[in-house]
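> File start.pdb below, PDB, C-alpha atoms:
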```pdb
ATOM      1  CA  MET Z  14     -10.053  -4.564  28.290
ATOM      2  CA  THR Z  15     -13.635  -3.255  28.405
ATOM      3  CA  LEU Z  16     -15.971  -3.718  25.471
ATOM      4  CA  THR Z  17     -15.993   0.051  25.055
ATOM      5  CA  ALA Z  18     -12.240  -0.038  24.588
ATOM      6  CA  LEU Z  19     -12.539  -2.812  22.021
ATOM      7  CA  ILE Z  20     -15.127  -0.850  20.089
ATOM      8  CA  ALA Z  21     -12.829   2.121  19.967
ATOM      9  CA  ARG Z  22      -9.920   0.012  18.773
ATOM     10  CA  LEU Z  23     -12.005  -0.917  15.810
ATOM     11  CA  ALA Z  24     -11.920   2.676  14.715
ATOM     12  CA  ALA Z  25      -8.336   2.115  13.649
ATOM     13  CA  VAL Z  26      -9.386  -0.554  11.131
ATOM     14  CA  LEU Z  27     -12.963   0.207  10.087
ATOM     15  CA  THR Z  28     -12.466   1.205   6.427
ATOM     16  CA  VAL Z  29     -14.943   3.251   4.444
ATOM     17  CA  LEU Z  30     -15.215   1.245   1.229
ATOM     18  CA  TRP Z  31     -15.459   3.859  -1.523
ATOM     19  CA  THR Z  32     -14.645   3.808  -5.221
ATOM     20  CA  ALA Z  33     -14.450   6.632  -7.779
ATOM     21  CA  GLN Z  34     -17.532   8.826  -7.553
ATOM     22  CA  PRO Z  35     -18.619  12.332  -8.634
ATOM     23  CA  ALA Z  36     -17.052  15.457  -7.171
ATOM     24  CA  THR Z  37     -19.814  15.891  -4.584
ATOM     25  CA  ALA Z  38     -19.116  12.421  -3.216
ATOM     26  CA  ALA Z  39     -15.398  13.167  -3.222
ATOM     27  CA  SER Z  40     -16.064  16.269  -1.115
ATOM     28  CA  SER Z  41     -18.112  14.218   1.301
ATOM     29  CA  ARG Z  42     -15.306  11.679   1.596
ATOM     30  CA  ALA Z  43     -12.719  14.386   2.253
ATOM     31  CA  LYS Z  44     -14.861  15.891   4.995
ATOM     32  CA  LEU Z  45     -15.597  12.556   6.634
ATOM     33  CA  GLN Z  46     -12.001  11.378   6.392
ATOM     34  CA  SER Z  47     -10.810  14.144   8.701
ATOM     35  CA  TYR Z  48     -13.053  12.851  11.460
ATOM     36  CA  ILE Z  49     -12.135   9.229  10.793
ATOM     37  CA  GLU Z  50      -8.415   9.985  10.956
ATOM     38  CA  CYS Z  51      -8.956  11.758  14.264
ATOM     39  CA  THR Z  52     -10.712   8.811  15.915
ATOM     40  CA  ASN Z  53      -8.235   6.382  14.374
ATOM     41  CA  ALA Z  54      -5.334   8.247  15.937
ATOM     42  CA  LEU Z  55      -6.745   8.817  19.408
ATOM     43  CA  SER Z  56      -9.776   6.775  20.445
ATOM     44  CA  GLY Z  57      -8.267   3.331  20.829
ATOM     45  CA  ARG Z  58      -5.335   4.532  22.901
ATOM     46  CA  ALA Z  59      -7.600   6.655  25.109
ATOM     47  CA  TYR Z  60      -9.640   3.611  26.045
ATOM     48  CA  GLU Z  61      -6.535   1.473  26.500
ATOM     49  CA  ALA Z  62      -5.233   4.069  28.937
ATOM     50  CA  GLN Z  63      -8.502   3.853  30.846
ATOM     51  CA  SER Z  64      -8.404   0.044  30.917
ATOM     52  CA  ARG Z  65      -4.819  -0.034  32.105
ATOM     53  CA  TYR Z  66      -5.510   2.497  34.853
ATOM     54  CA  PHE Z  67      -8.509   0.630  36.221
ATOM     55  CA  SER Z  68      -6.717  -2.714  35.989
ATOM     56  CA  TRP Z  69      -4.938  -1.720  39.206
ATOM     57  CA  ALA Z  70      -6.747   1.362  40.559
ATOM     58  CA  ALA Z  71     -10.088   1.008  42.339
ATOM     59  CA  LYS Z  72     -13.132   2.792  40.922
ATOM     60  CA  SER Z  73     -12.930   5.116  43.914
ATOM     61  CA  GLY Z  74      -9.328   5.949  43.067
ATOM     62  CA  PRO Z  75      -5.782   4.878  44.010
ATOM     63  CA  THR Z  76      -4.836   4.612  47.672
ATOM     64  CA  GLY Z  77      -1.073   4.100  47.530
ATOM     65  CA  LYS Z  78      -1.492   0.675  49.115
ATOM     66  CA  GLU Z  79      -1.857  -1.224  45.843
ATOM     67  CA  LYS Z  80       0.461  -4.206  45.369
ATOM     68  CA  ILE Z  81       1.090  -3.289  41.725
ATOM     69  CA  ILE Z  82       0.771   0.178  40.202
ATOM     70  CA  TYR Z  83       0.861   0.048  36.398
ATOM     71  CA  GLY Z  84       0.075   3.685  35.738
ATOM     72  CA  LEU Z  85      -1.638   4.355  32.411
ATOM     73  CA  TYR Z  86      -0.939   5.331  28.798
ATOM     74  CA  THR Z  87      -0.849   8.599  26.905
ATOM     75  CA  ILE Z  88      -2.404   9.493  23.559
ATOM     76  CA  SER Z  89      -0.814  11.206  20.576
ATOM     77  CA  ASP Z  90      -0.599  14.979  20.391
ATOM     78  CA  THR Z  91      -4.163  16.172  19.847
ATOM     79  CA  ALA Z  92      -3.244  19.346  17.951
ATOM     80  CA  ASP Z  93      -3.430  17.752  14.494
ATOM     81  CA  CYS Z  94      -6.811  16.258  15.310
ATOM     82  CA  GLN Z  95      -8.163  19.562  16.544
ATOM     83  CA  ARG Z  96      -6.900  21.432  13.475
ATOM     84  CA  GLY Z  97      -8.324  18.787  11.162
ATOM     85  CA  ILE Z  98     -11.746  18.965  12.757
ATOM     86  CA  VAL Z  99     -11.821  22.751  12.594
ATOM     87  CA  ALA Z 100     -10.961  22.569   8.893
ATOM     88  CA  ALA Z 101     -13.491  19.791   8.208
ATOM     89  CA  THR Z 102     -16.266  21.817   9.806
ATOM     90  CA  THR Z 103     -16.040  24.362   6.982
ATOM     91  CA  LEU Z 104     -16.108  21.801   4.155
ATOM     92  CA  GLU Z 105     -19.134  20.933   2.043
ATOM     93  CA  PRO Z 106     -21.498  19.218   2.316
ATOM     94  CA  ARG Z 107     -22.504  20.750   5.632
ATOM     95  CA  ASN Z 108     -23.775  18.349   8.284
ATOM     96  CA  ALA Z 109     -24.769  19.909  11.607
ATOM     97  CA  GLU Z 110     -24.789  16.665  13.588
ATOM     98  CA  LEU Z 111     -21.393  15.552  12.334
ATOM     99  CA  GLU Z 112     -19.836  18.965  12.826
ATOM    100  CA  THR Z 113     -21.234  19.378  16.348
ATOM    101  CA  ALA Z 114     -20.084  15.897  17.297
ATOM    102  CA  GLY Z 115     -16.625  16.571  15.875
ATOM    103  CA  THR Z 116     -16.269  19.825  17.772
ATOM    104  CA  ALA Z 117     -17.240  18.107  21.029
ATOM    105  CA  TYR Z 118     -14.722  15.345  20.322
ATOM    106  CA  ALA Z 119     -11.925  17.834  19.691
ATOM    107  CA  LYS Z 120     -12.743  19.590  22.953
ATOM    108  CA  ALA Z 121     -12.786  16.306  24.888
ATOM    109  CA  VAL Z 122      -9.431  15.076  23.607
ATOM    110  CA  GLY Z 123      -8.001  18.532  24.207
ATOM    111  CA  VAL Z 124      -8.738  18.053  27.904
ATOM    112  CA  LEU Z 125      -7.913  14.355  28.118
ATOM    113  CA  GLY Z 126      -4.555  14.455  26.318
ATOM    114  CA  PRO Z 127      -2.646  16.780  28.659
ATOM    115  CA  LEU Z 128      -4.226  15.142  31.700
ATOM    116  CA  LEU Z 129      -3.045  11.691  30.632
ATOM    117  CA  LYS Z 130       0.432  13.095  30.042
ATOM    118  CA  GLU Z 131       0.532  14.605  33.526
ATOM    119  CA  ALA Z 132      -0.687  11.377  35.128
ATOM    120  CA  ASP Z 133       1.667   9.227  33.075
ATOM    121  CA  ASP Z 134       4.675  11.293  34.155
ATOM    122  CA  TYR Z 135       3.566  11.023  37.764
ATOM    123  CA  TYR Z 136       3.248   7.245  37.704
ATOM    124  CA  ASP Z 137       6.183   6.589  35.390
ATOM    125  CA  GLN Z 138       8.496   8.542  37.701
ATOM    126  CA  LYS Z 139       6.931   6.831  40.736
ATOM    127  CA  ASN Z 140       6.296  10.170  42.406
ATOM    128  CA  PHE Z 141       3.580   8.500  44.450
ATOM    129  CA  LYS Z 142       6.390   7.158  46.608
ATOM    130  CA  ASP Z 143       7.260  10.715  47.606
ATOM    131  CA  ASP Z 144       3.834  12.255  48.226
ATOM    132  CA  LYS Z 145       1.936   9.227  49.564
ATOM    133  CA  MET Z 146      -0.239   9.178  46.415
ATOM    134  CA  ALA Z 147      -1.533  12.699  47.090
ATOM    135  CA  LYS Z 148      -1.376  13.785  43.458
ATOM    136  CA  GLY Z 149      -2.700  10.446  42.273
ATOM    137  CA  LYS Z 150      -5.769  10.925  44.453
ATOM    138  CA  ALA Z 151      -6.200  14.486  43.201
ATOM    139  CA  LEU Z 152      -5.882  13.430  39.555
ATOM    140  CA  HIS Z 153      -8.383  10.597  39.850
ATOM    141  CA  PRO Z 154     -11.660  12.588  39.665
ATOM    142  CA  LEU Z 155     -10.214  14.700  36.856
ATOM    143  CA  LEU Z 156      -9.319  11.579  34.866
ATOM    144  CA  VAL Z 157     -12.722  10.011  35.452
ATOM    145  CA  ALA Z 158     -14.514  13.169  34.333
ATOM    146  CA  ALA Z 159     -12.289  13.519  31.266
ATOM    147  CA  TRP Z 160     -12.813   9.895  30.246
ATOM    148  CA  ASN Z 161     -16.569  10.208  30.748
ATOM    149  CA  ASP Z 162     -16.744  13.318  28.575
ATOM    150  CA  PHE Z 163     -14.521  11.670  25.986
ATOM    151  CA  THR Z 164     -16.681   8.525  25.880
ATOM    152  CA  VAL Z 165     -19.831  10.531  25.224
ATOM    153  CA  ALA Z 166     -18.117  12.595  22.523
ATOM    154  CA  ASP Z 167     -16.471   9.575  20.927
ATOM    155  CA  ASP Z 168     -19.707   7.577  20.806
ATOM    156  CA  ARG Z 169     -21.566  10.484  19.241
ATOM    157  CA  LEU Z 170     -18.907  11.202  16.628
ATOM    158  CA  ARG Z 171     -18.513   7.590  15.582
ATOM    159  CA  ALA Z 172     -22.283   7.182  15.366
ATOM    160  CA  SER Z 173     -22.426  10.193  13.038
ATOM    161  CA  ILE Z 174     -19.588   8.794  10.925
ATOM    162  CA  ASP Z 175     -21.291   5.410  10.722
ATOM    163  CA  VAL Z 176     -24.607   6.829   9.538
ATOM    164  CA  ILE Z 177     -22.943   8.648   6.657
ATOM    165  CA  SER Z 178     -20.445   5.970   5.662
ATOM    166  CA  ASP Z 179     -23.053   3.183   5.878
ATOM    167  CA  GLN Z 180     -25.425   5.037   3.578
ATOM    168  CA  GLU Z 181     -22.661   5.706   1.080
ATOM    169  CA  ALA Z 182     -21.615   2.045   1.185
ATOM    170  CA  ILE Z 183     -25.193   0.922   0.525
ATOM    171  CA  GLU Z 184     -25.545   3.329  -2.388
ATOM    172  CA  GLU Z 185     -22.208   2.304  -3.853
ATOM    173  CA  LEU Z 186     -23.045  -1.405  -3.572
ATOM    174  CA  ALA Z 187     -26.319  -0.777  -5.412
ATOM    175  CA  ALA Z 188     -24.429   1.152  -8.090
ATOM    176  CA  ILE Z 189     -21.930  -1.697  -8.510
ATOM    177  CA  GLU Z 190     -24.743  -4.207  -8.903
ATOM    178  CA  LYS Z 191     -26.436  -1.994 -11.503
ATOM    179  CA  ARG Z 192     -23.217  -1.485 -13.492
ATOM    180  CA  GLU Z 193     -21.684  -4.940 -13.255
ATOM    181  CA  GLY Z 194     -24.163  -7.355 -11.712
ATOM    182  CA  ARG Z 195     -23.337  -9.581  -8.751
ATOM    183  CA  LYS Z 196     -19.816 -10.358  -9.803
ATOM    184  CA  GLY Z 197     -16.457 -10.195  -8.049
ATOM    185  CA  ARG Z 198     -16.521  -6.556  -6.997
ATOM    186  CA  TYR Z 199     -20.073  -6.863  -5.688
ATOM    187  CA  HIS Z 200     -19.260  -9.913  -3.568
ATOM    188  CA  ILE Z 201     -16.166  -8.329  -2.038
ATOM    189  CA  GLU Z 202     -17.842  -5.050  -1.122
ATOM    190  CA  ALA Z 203     -20.964  -6.798   0.198
ATOM    191  CA  LEU Z 204     -18.813  -9.096   2.315
ATOM    192  CA  MET Z 205     -16.915  -6.189   3.861
ATOM    193  CA  MET Z 206     -20.099  -4.230   4.517
ATOM    194  CA  LYS Z 207     -21.750  -7.152   6.318
ATOM    195  CA  ALA Z 208     -18.564  -7.927   8.239
ATOM    196  CA  LYS Z 209     -18.543  -4.360   9.528
ATOM    197  CA  ARG Z 210     -22.135  -4.611  10.715
ATOM    198  CA  LEU Z 211     -21.392  -7.886  12.499
ATOM    199  CA  VAL Z 212     -18.413  -6.570  14.415
ATOM    200  CA  ARG Z 213     -20.487  -3.634  15.634
ATOM    201  CA  GLU Z 214     -23.323  -5.835  16.840
ATOM    202  CA  GLU Z 215     -21.078  -8.264  18.701
ATOM    203  CA  SER Z 216     -18.883  -5.590  20.263
ATOM    204  CA  GLY Z 217     -21.682  -3.514  21.745
ATOM    205  CA  GLU Z 218     -21.858  -2.743  25.450
ATOM    206  CA  LYS Z 219     -25.263  -4.434  25.600
ATOM    207  CA  PRO Z 220     -25.239  -7.105  22.884
ATOM    208  CA  ASP Z 221     -28.664  -7.895  21.418
ATOM    209  CA  LEU Z 222     -28.739 -11.611  20.582
ATOM    210  CA  ALA Z 223     -31.486 -11.235  17.987
ATOM    211  CA  ARG Z 224     -29.572  -8.481  16.142
ATOM    212  CA  ILE Z 225     -26.326 -10.452  16.416
ATOM    213  CA  THR Z 226     -27.974 -13.566  14.997
ATOM    214  CA  GLU Z 227     -29.425 -11.620  12.081
ATOM    215  CA  ALA Z 228     -26.087  -9.971  11.294
ATOM    216  CA  LEU Z 229     -24.288 -13.315  11.659
ATOM    217  CA  ASN Z 230     -26.673 -15.077   9.279
ATOM    218  CA  ASP Z 231     -26.333 -12.267   6.717
ATOM    219  CA  TYR Z 232     -22.558 -12.427   6.930
ATOM    220  CA  GLU Z 233     -22.447 -16.220   6.693
ATOM    221  CA  GLY Z 234     -24.626 -16.036   3.597
ATOM    222  CA  ILE Z 235     -22.305 -13.615   1.782
ATOM    223  CA  VAL Z 236     -19.225 -15.605   2.850
ATOM    224  CA  LYS Z 237     -20.668 -18.754   1.241
ATOM    225  CA  ALA Z 238     -21.739 -16.848  -1.857
ATOM    226  CA  THR Z 239     -18.305 -15.218  -2.207
ATOM    227  CA  GLU Z 240     -16.475 -18.515  -1.755
ATOM    228  CA  GLN Z 241     -18.694 -20.174  -4.371
ATOM    229  CA  TYR Z 242     -18.276 -17.306  -6.831
ATOM    230  CA  ALA Z 243     -14.494 -17.381  -6.393
ATOM    231  CA  ALA Z 244     -14.430 -21.155  -6.996
ATOM    232  CA  GLU Z 245     -16.530 -20.848 -10.151
ATOM    233  CA  ASN Z 246     -14.732 -17.786 -11.514
ATOM    234  CA  LYS Z 247     -11.006 -18.349 -11.243
ATOM    235  CA  ASP Z 248     -10.260 -15.119 -13.097
ATOM    236  CA  ALA Z 249     -12.113 -13.049 -10.508
ATOM    237  CA  LYS Z 250      -9.964 -10.940  -8.214
ATOM    238  CA  ILE Z 251     -10.964 -12.828  -5.076
ATOM    239  CA  GLY Z 252      -7.923 -14.454  -3.563
ATOM    240  CA  SER Z 253      -7.763 -17.348  -1.139
ATOM    241  CA  SER Z 254      -6.417 -14.993   1.536
ATOM    242  CA  LEU Z 255      -9.637 -12.974   1.584
ATOM    243  CA  VAL Z 256     -11.848 -16.044   1.657
ATOM    244  CA  GLY Z 257      -9.722 -17.635   4.372
ATOM    245  CA  SER Z 258      -9.793 -14.500   6.515
ATOM    246  CA  ALA Z 259     -13.548 -14.170   5.986
ATOM    247  CA  LYS Z 260     -14.141 -17.728   7.171
ATOM    248  CA  SER Z 261     -11.867 -17.350  10.193
ATOM    249  CA  TYR Z 262     -13.743 -14.217  11.182
ATOM    250  CA  LEU Z 263     -17.027 -16.097  10.759
ATOM    251  CA  THR Z 264     -15.834 -18.855  13.097
ATOM    252  CA  THR Z 265     -14.815 -16.338  15.743
ATOM    253  CA  ALA Z 266     -18.093 -14.449  15.412
ATOM    254  CA  LYS Z 267     -20.004 -17.692  15.935
ATOM    255  CA  ASN Z 268     -17.927 -18.548  18.998
ATOM    256  CA  LEU Z 269     -18.613 -15.144  20.538
ATOM    257  CA  MET Z 270     -22.326 -15.390  19.720
ATOM    258  CA  ARG Z 271     -22.494 -18.758  21.488
ATOM    259  CA  ARG Z 272     -20.695 -17.372  24.518
ATOM    260  CA  ILE Z 273     -23.207 -14.521  24.681
ATOM    261  CA  ARG Z 274     -26.184 -16.795  24.030
ATOM    262  CA  ASP Z 275     -25.160 -19.470  26.534
ATOM    263  CA  LYS Z 276     -23.824 -16.953  29.083
ATOM    264  CA  THR Z 277     -20.561 -18.883  29.161
ATOM    265  CA  PRO Z 278     -18.151 -17.315  31.658
ATOM    266  CA  TYR Z 279     -14.450 -16.958  31.007
ATOM    267  CA  SER Z 280     -12.220 -19.424  32.821
ATOM    268  CA  THR Z 281      -9.661 -18.282  35.363
ATOM    269  CA  GLY Z 282      -6.901 -18.715  32.808
ATOM    270  CA  GLU Z 283      -8.823 -16.772  30.162
ATOM    271  CA  ARG Z 284      -9.483 -13.927  32.572
ATOM    272  CA  MET Z 285      -5.789 -13.772  33.406
ATOM    273  CA  ILE Z 286      -4.903 -13.493  29.719
ATOM    274  CA  MET Z 287      -7.568 -10.865  29.051
ATOM    275  CA  GLY Z 288      -6.683  -8.835  32.113
ATOM    276  CA  ALA Z 289      -2.908  -8.837  31.692
ATOM    277  CA  ALA Z 290      -1.394  -5.376  31.133
ATOM    278  CA  GLY Z 291      -4.793  -3.768  30.880
ATOM    279  CA  GLY Z 292      -6.192  -6.336  28.483
ATOM    280  CA  SER Z 293      -3.723  -5.839  25.637
ATOM    281  CA  GLY Z 294      -1.157  -8.253  24.288
ATOM    282  CA  GLY Z 295      -2.445 -11.824  24.207
ATOM    283  CA  ALA Z 296      -6.152 -11.194  24.870
ATOM    284  CA  TRP Z 297      -6.886 -12.028  21.226
ATOM    285  CA  MET Z 298      -5.850 -15.635  21.878
ATOM    286  CA  VAL Z 299      -8.973 -16.263  23.968
ATOM    287  CA  GLU Z 300     -11.529 -18.056  21.780
ATOM    288  CA  GLY Z 301     -14.931 -16.432  21.611
ATOM    289  CA  SER Z 302     -13.723 -13.138  23.072
ATOM    290  CA  PRO Z 303     -14.291  -9.596  21.784
ATOM    291  CA  ALA Z 304     -10.515  -9.214  21.472
ATOM    292  CA  ARG Z 305     -10.362 -12.272  19.188
ATOM    293  CA  LEU Z 306     -13.216 -10.834  17.113
ATOM    294  CA  THR Z 307     -11.300  -7.580  16.731
ATOM    295  CA  HIS Z 308      -8.124  -9.445  15.778
ATOM    296  CA  ASP Z 309      -9.829 -11.540  13.112
ATOM    297  CA  TYR Z 310     -11.699  -8.537  11.740
ATOM    298  CA  ASN Z 311      -8.350  -6.757  11.463
ATOM    299  CA  GLN Z 312      -7.010  -9.748   9.530
ATOM    300  CA  LEU Z 313      -9.953  -9.549   7.141
ATOM    301  CA  ILE Z 314      -9.366  -5.831   6.602
ATOM    302  CA  GLY Z 315      -5.709  -6.596   5.941
ATOM    303  CA  SER Z 316      -6.604  -9.188   3.298
ATOM    304  CA  TYR Z 317      -8.949  -6.715   1.646
ATOM    305  CA  ASN Z 318      -6.337  -3.968   1.613
ATOM    306  CA  ARG Z 319      -3.648  -6.264   0.211
ATOM    307  CA  GLY Z 320      -5.371  -6.800  -3.066
ATOM    308  CA  ALA Z 321      -8.992  -7.826  -2.969
ATOM    309  CA  ARG Z 322     -10.146  -4.414  -4.189
ATOM    310  CA  PHE Z 323     -10.658  -3.711  -7.881
TER     311      PHE Z 323
END
```
Would you mind writing the structure in this file as structure tokens?

Amino acid sequence: MTLTALIARLAAVLTVLWTAQPATAASSRAKLQSYIECTNALSGRAYEAQSRYFSWAAKSGPTGKEKIIYGLYTISDTADCQRGIVAATTLEPRNAELETAGTAYAKAVGVLGPLLKEADDYYDQKNFKDDKMAKGKALHPLLVAAWNDFTVADDRLRASIDVISDQEAIEELAAIEKREGRKGRYHIEALMMKAKRLVREESGEKPDLARITEALNDYEGIVKATEQYAAENKDAKIGSSLVGSAKSYLTTAKNLMRRIRDKTPYSTGERMIMGAAGGSGGAWMVEGSPARLTHDYNQLIGSYNRGARF
């Protein structure tokens, strides 16, 4: 799976960490949530479909002479997403960048969804055996164009979401510290915020080692502080599951950083695992891989959702 696909898969688990706030903040959350739900439902699968397709088809397109033809995947019905984005556009507070990005995203998935369905039917029914891959060749440039447009729209929308949600998370963390001090709630929310930054830095298309190292050091610092606070405050709502997941994620992040830093290539066996069925399935078992980072970040999110929140 490509790094772009892995980034998109994160959309399904990146949680905006909010607590009770005034009505204006609640309105902002409601508006933003519509866009988040849209990317959660569609982005990951769209990139998985692309990865699966290009795991067997050449960049120039299928020829009909391939030894194995996997086909691709479809995405969910885009109608709900499109309706949600139209509705969110009218909600307060108004945000031109977010609304423009959302509209472009809705348009892109509106084109990509039906096209993936048409291509999936073609390959699933093995119609290429009847027309000598004629339709497959005709669909190829349409798929490439649709994926390209989708990638641009998806990147722009998620960047807009991140700017807003990151600022709200920073403000909320400051408010928690002011109300309660650096206690259990503060440590948990700070840990999740720094974990989110780290996964972004390490999953980028062009990883910046200096930025990764900074994010990794910040995350390691809050992991140690959270573990110490939990050990010294047994009544705090910080369970061993959260701490364990946080440390596992830290180990994986370090392994990936070292692979990037040392330019360590994947072995033949690792490449086979990561490339199987379009990069899904067991790719997370490869140490120091983006897929493993995603898996362990998911585990951390799961621990948080199961009871670490106050």
> Could you state the separation of CA of Gly84 (chain Z) and CA of Ser68 (chain Z) in Å, given to one decimal place?
9.3 Å
> Run the PyMOL selection byres ((chain Z and resi 131) around 12) mentally over the shown coordinates, then write out the matched residues as a ChimeraX atom specification, using the chain letters and numbers from the document.
/Z:84-88,124-130,132-138,140,148-149,151-153,155-156
> Using CA of Lys209 (chain Z) and CA of Asn108 (chain Z) as the two end points, give the distance in Å to one decimal.
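Interatomic distance here is 23.3 Å.
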> For a cut-off of 10 Å around (-6.9, 9.4, 10.7), file coordinates, pick out all residues using all atoms listed in the file and list them as a PDB file with C-alpha atoms, keeping the file's coordinate frame.

```pdb
ATOM      1  CA  ALA Z  24     -11.920   2.676  14.715  1.00  0.00           C
ATOM      2  CA  ALA Z  25      -8.336   2.115  13.649  1.00  0.00           C
ATOM      3  CA  GLN Z  46     -12.001  11.378   6.392  1.00  0.00           C
ATOM      4  CA  SER Z  47     -10.810  14.144   8.701  1.00  0.00           C
ATOM      5  CA  TYR Z  48     -13.053  12.851  11.460  1.00  0.00           C
ATOM      6  CA  ILE Z  49     -12.135   9.229  10.793  1.00  0.00           C
ATOM      7  CA  GLU Z  50      -8.415   9.985  10.956  1.00  0.00           C
ATOM      8  CA  CYS Z  51      -8.956  11.758  14.264  1.00  0.00           C
ATOM      9  CA  THR Z  52     -10.712   8.811  15.915  1.00  0.00           C
ATOM     10  CA  ASN Z  53      -8.235   6.382  14.374  1.00  0.00           C
ATOM     11  CA  ALA Z  54      -5.334   8.247  15.937  1.00  0.00           C
ATOM     12  CA  LEU Z  55      -6.745   8.817  19.408  1.00  0.00           C
ATOM     13  CA  ASP Z  93      -3.430  17.752  14.494  1.00  0.00           C
ATOM     14  CA  CYS Z  94      -6.811  16.258  15.310  1.00  0.00           C
ATOM     15  CA  GLY Z  97      -8.324  18.787  11.162  1.00  0.00           C
TER      16      GLY Z  97
END
```
> Could you name the residues that touch Asp162 (chain Z) at 12 Å or less, counting all atoms listed in the file, but leaving out those on the same chain fewer than 6 positions away, as number ranges by chain?
Z: 59, 117-125, 155-156, 168-169
> Go ahead and save the residues from that selection, with C-alpha atoms, as an mmCIF file, keeping the file's coordinate frame.

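Output file result-v1.cif is given in full below:
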```
data_model
loop_
_atom_site.group_PDB
_atom_site.id
_atom_site.type_symbol
_atom_site.label_atom_id
_atom_site.label_comp_id
_atom_site.auth_asym_id
_atom_site.auth_seq_id
_atom_site.Cartn_x
_atom_site.Cartn_y
_atom_site.Cartn_z
ATOM 1 C CA ALA Z 59 -7.600 6.655 25.109
ATOM 2 C CA ALA Z 117 -17.240 18.107 21.029
ATOM 3 C CA TYR Z 118 -14.722 15.345 20.322
ATOM 4 C CA ALA Z 119 -11.925 17.834 19.691
ATOM 5 C CA LYS Z 120 -12.743 19.590 22.953
ATOM 6 C CA ALA Z 121 -12.786 16.306 24.888
ATOM 7 C CA VAL Z 122 -9.431 15.076 23.607
ATOM 8 C CA GLY Z 123 -8.001 18.532 24.207
ATOM 9 C CA VAL Z 124 -8.738 18.053 27.904
ATOM 10 C CA LEU Z 125 -7.913 14.355 28.118
ATOM 11 C CA LEU Z 155 -10.214 14.700 36.856
ATOM 12 C CA LEU Z 156 -9.319 11.579 34.866
ATOM 13 C CA ASP Z 168 -19.707 7.577 20.806
ATOM 14 C CA ARG Z 169 -21.566 10.484 19.241
#
```
> Applying the PyMOL selection byres ((chain Z and resi 192-205) around 6) to the file I just gave you, which residues come out? Please list them as a ChimeraX atom specification.
/Z:189-191,206-208,235,239,249
> Separation of CA of Ala166 (chain Z) and CA of Ile98 (chain Z), in Å?
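If I compute the distance from CA of Ala166 (chain Z) to CA of Ile98 (chain Z), I get 13.3 Å.
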> So what does the PyMOL selection byres ((chain Z and resi 69) around 7) actually pick up in this one, as an NGL selection string?
:Z and (66-68 or 70-71 or 81-83)
> For Asn311 (chain Z), which residue out of Z:Ser280, Z:Ser258, Z:Ala243, Z:Ala266 is the nearest one, using all atoms listed in the file?
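Ranked by minimum distance to Asn311 (chain Z), first place goes to Z:Ser258.
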> Counting all atoms listed in the file, which residue out of Z:Ala62, Z:Ala223, Z:Leu111, Z:Leu104 sits closest to Ile177 (chain Z)?
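Between Z:Ala62, Z:Ala223, Z:Leu111, Z:Leu104, the residue approaching Ile177 (chain Z) most closely is Z:Leu111.
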> With distances taken over all atoms listed in the file, which residue among Z:Ala114, Z:Leu229, Z:Leu186, Z:Ala147 lies nearest Val165 (chain Z)?
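Comparing Z:Ala114, Z:Leu229, Z:Leu186, Z:Ala147 against Val165 (chain Z), the winner is Z:Ala114.
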